[in-house]
>>> print(open('model03.cif').read())   # mmCIF, C-alpha atoms
data_model
#
loop_
_atom_site.group_PDB
_atom_site.id
_atom_site.type_symbol
_atom_site.label_atom_id
_atom_site.label_comp_id
_atom_site.auth_asym_id
_atom_site.auth_seq_id
_atom_site.Cartn_x
_atom_site.Cartn_y
_atom_site.Cartn_z
ATOM 1 C CA MET A 1 7.182 12.548 -14.317
ATOM 2 C CA ASN A 2 5.576 9.130 -14.289
ATOM 3 C CA LEU A 3 6.921 5.759 -15.422
ATOM 4 C CA THR A 4 4.588 3.684 -17.568
ATOM 5 C CA GLU A 5 5.248 0.204 -18.908
ATOM 6 C CA MET A 6 4.887 -0.266 -22.640
ATOM 7 C CA THR A 7 6.469 -1.860 -25.676
ATOM 8 C CA ILE A 8 8.835 0.318 -27.692
ATOM 9 C CA VAL A 9 9.395 -0.623 -31.330
ATOM 10 C CA ASN A 10 12.601 0.667 -32.879
ATOM 11 C CA ASP A 11 14.647 -1.858 -34.832
ATOM 12 C CA TYR A 12 13.787 -4.533 -32.297
ATOM 13 C CA VAL A 13 10.837 -4.920 -29.950
ATOM 14 C CA ILE A 14 11.998 -4.056 -26.456
ATOM 15 C CA LEU A 15 9.960 -4.170 -23.286
ATOM 16 C CA ALA A 16 10.965 -1.078 -21.361
ATOM 17 C CA LEU A 17 9.778 1.575 -18.975
ATOM 18 C CA MET A 18 8.904 4.829 -20.688
ATOM 19 C CA VAL A 19 8.884 8.121 -18.852
ATOM 20 C CA SER A 20 5.602 10.006 -19.132
ATOM 21 C CA ILE A 21 5.507 13.794 -18.702
ATOM 22 C CA GLN A 22 2.656 16.339 -18.783
ATOM 23 C CA VAL A 23 2.816 18.798 -21.681
ATOM 24 C CA SER A 24 3.011 21.749 -19.249
ATOM 25 C CA GLU A 25 6.035 20.211 -17.496
ATOM 26 C CA PHE A 26 7.598 19.394 -20.874
ATOM 27 C CA LYS A 27 7.144 23.005 -21.982
ATOM 28 C CA ALA A 28 8.963 24.252 -18.881
ATOM 29 C CA THR A 29 11.845 21.724 -19.087
ATOM 30 C CA CYS A 30 11.967 21.032 -22.832
ATOM 31 C CA LEU A 31 15.726 21.387 -23.370
ATOM 32 C CA SER A 32 16.683 19.226 -20.403
ATOM 33 C CA VAL A 33 14.189 16.507 -21.429
ATOM 34 C CA ILE A 34 15.582 16.484 -24.987
ATOM 35 C CA GLU A 35 19.145 16.260 -23.642
ATOM 36 C CA ARG A 36 18.190 13.360 -21.349
ATOM 37 C CA VAL A 37 16.619 11.468 -24.276
ATOM 38 C CA ARG A 38 19.770 12.060 -26.333
ATOM 39 C CA LYS A 39 22.102 10.869 -23.548
ATOM 40 C CA THR A 40 20.110 7.893 -22.243
ATOM 41 C CA GLY A 41 18.364 6.740 -25.418
ATOM 42 C CA GLN A 42 15.173 6.422 -23.333
ATOM 43 C CA ALA A 43 11.976 7.678 -24.994
ATOM 44 C CA VAL A 44 9.624 10.119 -23.243
ATOM 45 C CA ARG A 45 5.844 10.146 -23.713
ATOM 46 C CA ILE A 46 4.200 13.572 -23.555
ATOM 47 C CA THR A 47 0.607 13.646 -22.290
ATOM 48 C CA LYS A 48 -2.137 16.251 -22.047
ATOM 49 C CA HIS A 49 -4.634 15.594 -19.263
ATOM 50 C CA GLY A 50 -3.354 12.001 -19.094
ATOM 51 C CA VAL A 51 -3.893 11.358 -22.824
ATOM 52 C CA PRO A 52 -0.717 10.613 -24.857
ATOM 53 C CA VAL A 53 -0.126 13.262 -27.532
ATOM 54 C CA ALA A 54 3.506 12.648 -28.561
ATOM 55 C CA ASP A 55 6.552 10.457 -28.016
ATOM 56 C CA LEU A 56 10.006 11.983 -27.932
ATOM 57 C CA VAL A 57 12.358 9.245 -29.158
ATOM 58 C CA PRO A 58 16.108 9.277 -29.793
ATOM 59 C CA LEU A 59 17.413 9.199 -33.356
ATOM 60 C CA ARG A 60 18.486 5.816 -34.652
ATOM 61 C CA PRO A 61 22.237 5.465 -35.296
ATOM 62 C CA GLN A 62 21.726 5.559 -39.101
ATOM 63 C CA ALA A 63 19.984 8.936 -38.831
ATOM 64 C CA THR A 64 22.901 10.432 -36.913
ATOM 65 C CA GLY A 65 25.389 9.397 -39.594
ATOM 66 C CA LYS A 66 27.131 6.727 -37.497
ATOM 67 C CA ARG A 67 27.480 3.331 -39.150
ATOM 68 C CA GLN A 68 26.746 0.624 -36.622
ATOM 69 C CA GLY A 69 25.572 -2.935 -36.750
ATOM 70 C CA PHE A 70 25.471 -5.409 -39.602
ATOM 71 C CA LEU A 71 23.504 -3.595 -42.285
ATOM 72 C CA GLY A 72 25.725 -1.194 -44.177
ATOM 73 C CA SER A 73 28.879 -2.329 -42.388
ATOM 74 C CA LEU A 74 30.394 -3.621 -45.663
ATOM 75 C CA LEU A 75 29.515 -0.533 -47.691
ATOM 76 C CA GLY A 76 32.327 0.267 -50.139
ATOM 77 C CA THR A 77 34.283 -2.956 -49.541
ATOM 78 C CA ALA A 78 33.240 -4.874 -52.680
ATOM 79 C CA SER A 79 34.200 -4.397 -56.302
ATOM 80 C CA LEU A 80 32.902 -5.848 -59.568
ATOM 81 C CA ALA A 81 35.238 -8.131 -61.471
ATOM 82 C CA GLY A 82 34.437 -9.441 -64.928
ATOM 83 C CA ASP A 83 31.229 -9.513 -66.927
ATOM 84 C CA ILE A 84 28.096 -9.307 -64.754
ATOM 85 C CA VAL A 85 25.648 -9.051 -67.684
ATOM 86 C CA SER A 86 26.291 -12.196 -69.749
ATOM 87 C CA PRO A 87 24.720 -15.494 -68.676
ATOM 88 C CA VAL A 88 26.814 -17.781 -66.488
ATOM 89 C CA LEU A 89 25.705 -20.898 -68.377
ATOM 90 C CA THR A 90 25.056 -21.430 -72.065
ATOM 91 C CA ASP A 91 21.643 -22.690 -73.174
ATOM 92 C CA ASP A 92 23.054 -26.211 -73.671
ATOM 93 C CA GLU A 93 24.624 -26.294 -70.192
ATOM 94 C CA TRP A 94 21.357 -25.065 -68.668
ATOM 95 C CA THR A 95 19.281 -27.689 -70.489
ATOM 96 C CA LYS A 96 21.738 -30.469 -69.605
ATOM 97 C CA GLY A 97 21.574 -29.451 -65.918
ATOM 98 C CA LEU A 98 17.752 -29.463 -65.956
ATOM 99 C CA LEU A 99 17.665 -32.908 -67.568
ATOM 100 C CA GLU A 100 20.090 -34.287 -64.960
ATOM 101 C CA ASP A 101 18.064 -32.796 -62.118
ATOM 102 C CA ASN A 102 14.832 -34.258 -63.488
ATOM 103 C CA LYS A 103 16.469 -37.668 -63.938
ATOM 104 C CA ARG A 104 17.690 -37.607 -60.293
ATOM 105 C CA ALA A 105 14.229 -36.624 -59.111
ATOM 106 C CA GLY A 106 12.562 -39.387 -61.114
ATOM 107 C CA ARG A 107 10.758 -37.005 -63.484
ATOM 108 C CA ARG A 108 10.800 -37.038 -67.244
#
>>> encode(input="model03.cif", output="structure tokens")
Amino acid sequence: MNLTEMTIVNDYVILALMVSIQVSEFKATCLSVIERVRKTGQAVRITKHGVPVADLVPLRPQATGKRQGFLGSLLGTASLAGDIVSPVLTDDEWTKGLLEDNKRAGRR
């Protein structure tokens, strides 16, 4: 196995060392390589005669069913209260607000 420096793009751009492995070595040790990727979260690049042919990358947390991080962390915590279809302001209130804004901005 060789270490090569490259940029990995997942949810963030991270400068990391990626392990590179020949396809013949990968074929012989496939299950252990997959387990190492799962445990460490470190991607493995598979090459054939030195040419990259595939990257073995760990699943993102969303794909494994675990909720982590900011996005989705509030899922199911909100509820709707009241009318969400009717306008908040009447036509007169809207027009009055526009006129006041224009007056403050020096427009007609």
>>> closest_residue(input="model03.cif", among="A:Leu89, A:Ile84, A:Ile21, A:Ala105", to="A:Thr47", atoms="only C-alpha atoms")
A:Ile21
>>> atom_distance(input="model03.cif", atom1="atom CA of A:Val23", atom2="atom CA of A:Arg38")
18.8 Å
>>> atom_distance(input="model03.cif", atom1="atom CA of A:Thr40", atom2="atom CA of A:Pro58")
8.7 Å
>>> atom_distance(input="model03.cif", atom1="atom CA of A:Ala78", atom2="atom CA of A:Leu59")
28.7 Å
>>> closest_residue(input="model03.cif", among="A:Ser79, A:Asp92, A:Leu74, A:Phe26", to="A:Leu56", atoms="all atoms listed in the file")
A:Phe26
>>> residues_around(input="model03.cif", residues="A:Val51", least_positions_apart="3", cutoff="12 Å", atoms="only C-alpha atoms", output="tab-separated table (two decimals) with C-alpha atoms, keeping the file's coordinate frame")
chain	number	residue	atom	x	y	z
A	20	SER	CA	5.60	10.01	-19.13
A	21	ILE	CA	5.51	13.79	-18.70
A	22	GLN	CA	2.66	16.34	-18.78
A	23	VAL	CA	2.82	18.80	-21.68
A	45	ARG	CA	5.84	10.15	-23.71
A	46	ILE	CA	4.20	13.57	-23.56
A	47	THR	CA	0.61	13.65	-22.29
A	48	LYS	CA	-2.14	16.25	-22.05
A	54	ALA	CA	3.51	12.65	-28.56
A	55	ASP	CA	6.55	10.46	-28.02
>>> closest_residue(input="model03.cif", among="A:Met18, A:Ser86, A:Lys103, A:Trp94", to="A:Pro52", atoms="all atoms listed in the file")
A:Met18
>>> axis_aligned_box(input="model03.cif", around="stretch 19-30 of chain A", padding_each_side="5 Å", output="lines of an AutoDock Vina configuration file")
center_x = 7.3
center_y = 16.2
center_z = -20.2
size_x = 19.3
size_y = 26.1
size_z = 15.3
>>> closest_residue(input="model03.cif", among="A:Gly76, A:Gly41, A:Gly97, A:Gly106", to="A:Arg60", atoms="all atoms listed in the file")
A:Gly41
>>> residues_around(input="model03.cif", residues="A:Arg36", least_positions_apart="5", cutoff="12 Å", atoms="all atoms listed in the file", output="list in words")
Val19, Thr29, Cys30, Leu31, Gly41, Gln42, Ala43, Val44, Leu56, Val57 and Pro58 of chain A
>>> build_atoms(input="model03.cif", residues="stretch 20-41 of chain A", atoms="N, CA and C atoms", output="PDB file, in the frame of the given file")
ATOM      1  N   SER A  20       6.749   9.247 -18.673  1.00  0.00           N
ATOM      2  CA  SER A  20       5.602  10.006 -19.132  1.00  0.00           C
ATOM      3  C   SER A  20       5.643  11.370 -18.465  1.00  0.00           C
ATOM      4  N   ILE A  21       5.412  12.437 -19.229  1.00  0.00           N
ATOM      5  CA  ILE A  21       5.507  13.794 -18.702  1.00  0.00           C
ATOM      6  C   ILE A  21       4.333  14.620 -19.231  1.00  0.00           C
ATOM      7  N   GLN A  22       3.750  15.450 -18.365  1.00  0.00           N
ATOM      8  CA  GLN A  22       2.656  16.339 -18.783  1.00  0.00           C
ATOM      9  C   GLN A  22       3.205  17.393 -19.737  1.00  0.00           C
ATOM     10  N   VAL A  23       2.390  17.826 -20.688  1.00  0.00           N
ATOM     11  CA  VAL A  23       2.816  18.798 -21.681  1.00  0.00           C
ATOM     12  C   VAL A  23       3.259  20.109 -21.018  1.00  0.00           C
ATOM     13  N   SER A  24       2.622  20.507 -19.934  1.00  0.00           N
ATOM     14  CA  SER A  24       3.011  21.749 -19.249  1.00  0.00           C
ATOM     15  C   SER A  24       4.402  21.622 -18.633  1.00  0.00           C
ATOM     16  N   GLU A  25       4.703  20.450 -18.050  1.00  0.00           N
ATOM     17  CA  GLU A  25       6.035  20.211 -17.496  1.00  0.00           C
ATOM     18  C   GLU A  25       7.079  20.123 -18.614  1.00  0.00           C
ATOM     19  N   PHE A  26       6.689  19.490 -19.733  1.00  0.00           N
ATOM     20  CA  PHE A  26       7.598  19.394 -20.874  1.00  0.00           C
ATOM     21  C   PHE A  26       7.943  20.780 -21.412  1.00  0.00           C
ATOM     22  N   LYS A  27       6.933  21.649 -21.481  1.00  0.00           N
ATOM     23  CA  LYS A  27       7.144  23.005 -21.982  1.00  0.00           C
ATOM     24  C   LYS A  27       8.158  23.752 -21.108  1.00  0.00           C
ATOM     25  N   ALA A  28       8.082  23.555 -19.810  1.00  0.00           N
ATOM     26  CA  ALA A  28       8.963  24.252 -18.881  1.00  0.00           C
ATOM     27  C   ALA A  28      10.385  23.683 -18.873  1.00  0.00           C
ATOM     28  N   THR A  29      10.532  22.382 -19.176  1.00  0.00           N
ATOM     29  CA  THR A  29      11.845  21.724 -19.087  1.00  0.00           C
ATOM     30  C   THR A  29      12.254  21.082 -20.401  1.00  0.00           C
ATOM     31  N   CYS A  30      11.788  21.623 -21.501  1.00  0.00           N
ATOM     32  CA  CYS A  30      11.967  21.032 -22.832  1.00  0.00           C
ATOM     33  C   CYS A  30      13.425  20.679 -23.147  1.00  0.00           C
ATOM     34  N   LEU A  31      14.327  21.623 -22.990  1.00  0.00           N
ATOM     35  CA  LEU A  31      15.726  21.387 -23.370  1.00  0.00           C
ATOM     36  C   LEU A  31      16.374  20.293 -22.530  1.00  0.00           C
ATOM     37  N   SER A  32      16.087  20.264 -21.247  1.00  0.00           N
ATOM     38  CA  SER A  32      16.683  19.226 -20.403  1.00  0.00           C
ATOM     39  C   SER A  32      16.097  17.847 -20.720  1.00  0.00           C
ATOM     40  N   VAL A  33      14.809  17.786 -21.055  1.00  0.00           N
ATOM     41  CA  VAL A  33      14.189  16.507 -21.429  1.00  0.00           C
ATOM     42  C   VAL A  33      14.802  16.000 -22.732  1.00  0.00           C
ATOM     43  N   ILE A  34      14.972  16.879 -23.709  1.00  0.00           N
ATOM     44  CA  ILE A  34      15.582  16.484 -24.987  1.00  0.00           C
ATOM     45  C   ILE A  34      17.008  15.984 -24.764  1.00  0.00           C
ATOM     46  N   GLU A  35      17.764  16.670 -23.926  1.00  0.00           N
ATOM     47  CA  GLU A  35      19.145  16.260 -23.642  1.00  0.00           C
ATOM     48  C   GLU A  35      19.181  14.894 -22.953  1.00  0.00           C
ATOM     49  N   ARG A  36      18.237  14.656 -22.027  1.00  0.00           N
ATOM     50  CA  ARG A  36      18.190  13.360 -21.349  1.00  0.00           C
ATOM     51  C   ARG A  36      17.868  12.231 -22.325  1.00  0.00           C
ATOM     52  N   VAL A  37      16.952  12.477 -23.259  1.00  0.00           N
ATOM     53  CA  VAL A  37      16.619  11.468 -24.276  1.00  0.00           C
ATOM     54  C   VAL A  37      17.842  11.186 -25.141  1.00  0.00           C
ATOM     55  N   ARG A  38      18.580  12.238 -25.499  1.00  0.00           N
ATOM     56  CA  ARG A  38      19.770  12.060 -26.333  1.00  0.00           C
ATOM     57  C   ARG A  38      20.838  11.249 -25.601  1.00  0.00           C
ATOM     58  N   LYS A  39      21.051  11.551 -24.316  1.00  0.00           N
ATOM     59  CA  LYS A  39      22.102  10.869 -23.548  1.00  0.00           C
ATOM     60  C   LYS A  39      21.738   9.435 -23.191  1.00  0.00           C
ATOM     61  N   THR A  40      20.498   9.214 -22.749  1.00  0.00           N
ATOM     62  CA  THR A  40      20.110   7.893 -22.243  1.00  0.00           C
ATOM     63  C   THR A  40      19.541   6.979 -23.308  1.00  0.00           C
ATOM     64  N   GLY A  41      19.022   7.557 -24.399  1.00  0.00           N
ATOM     65  CA  GLY A  41      18.364   6.740 -25.418  1.00  0.00           C
ATOM     66  C   GLY A  41      16.971   6.301 -25.006  1.00  0.00           C
TER      67      GLY A  41
END
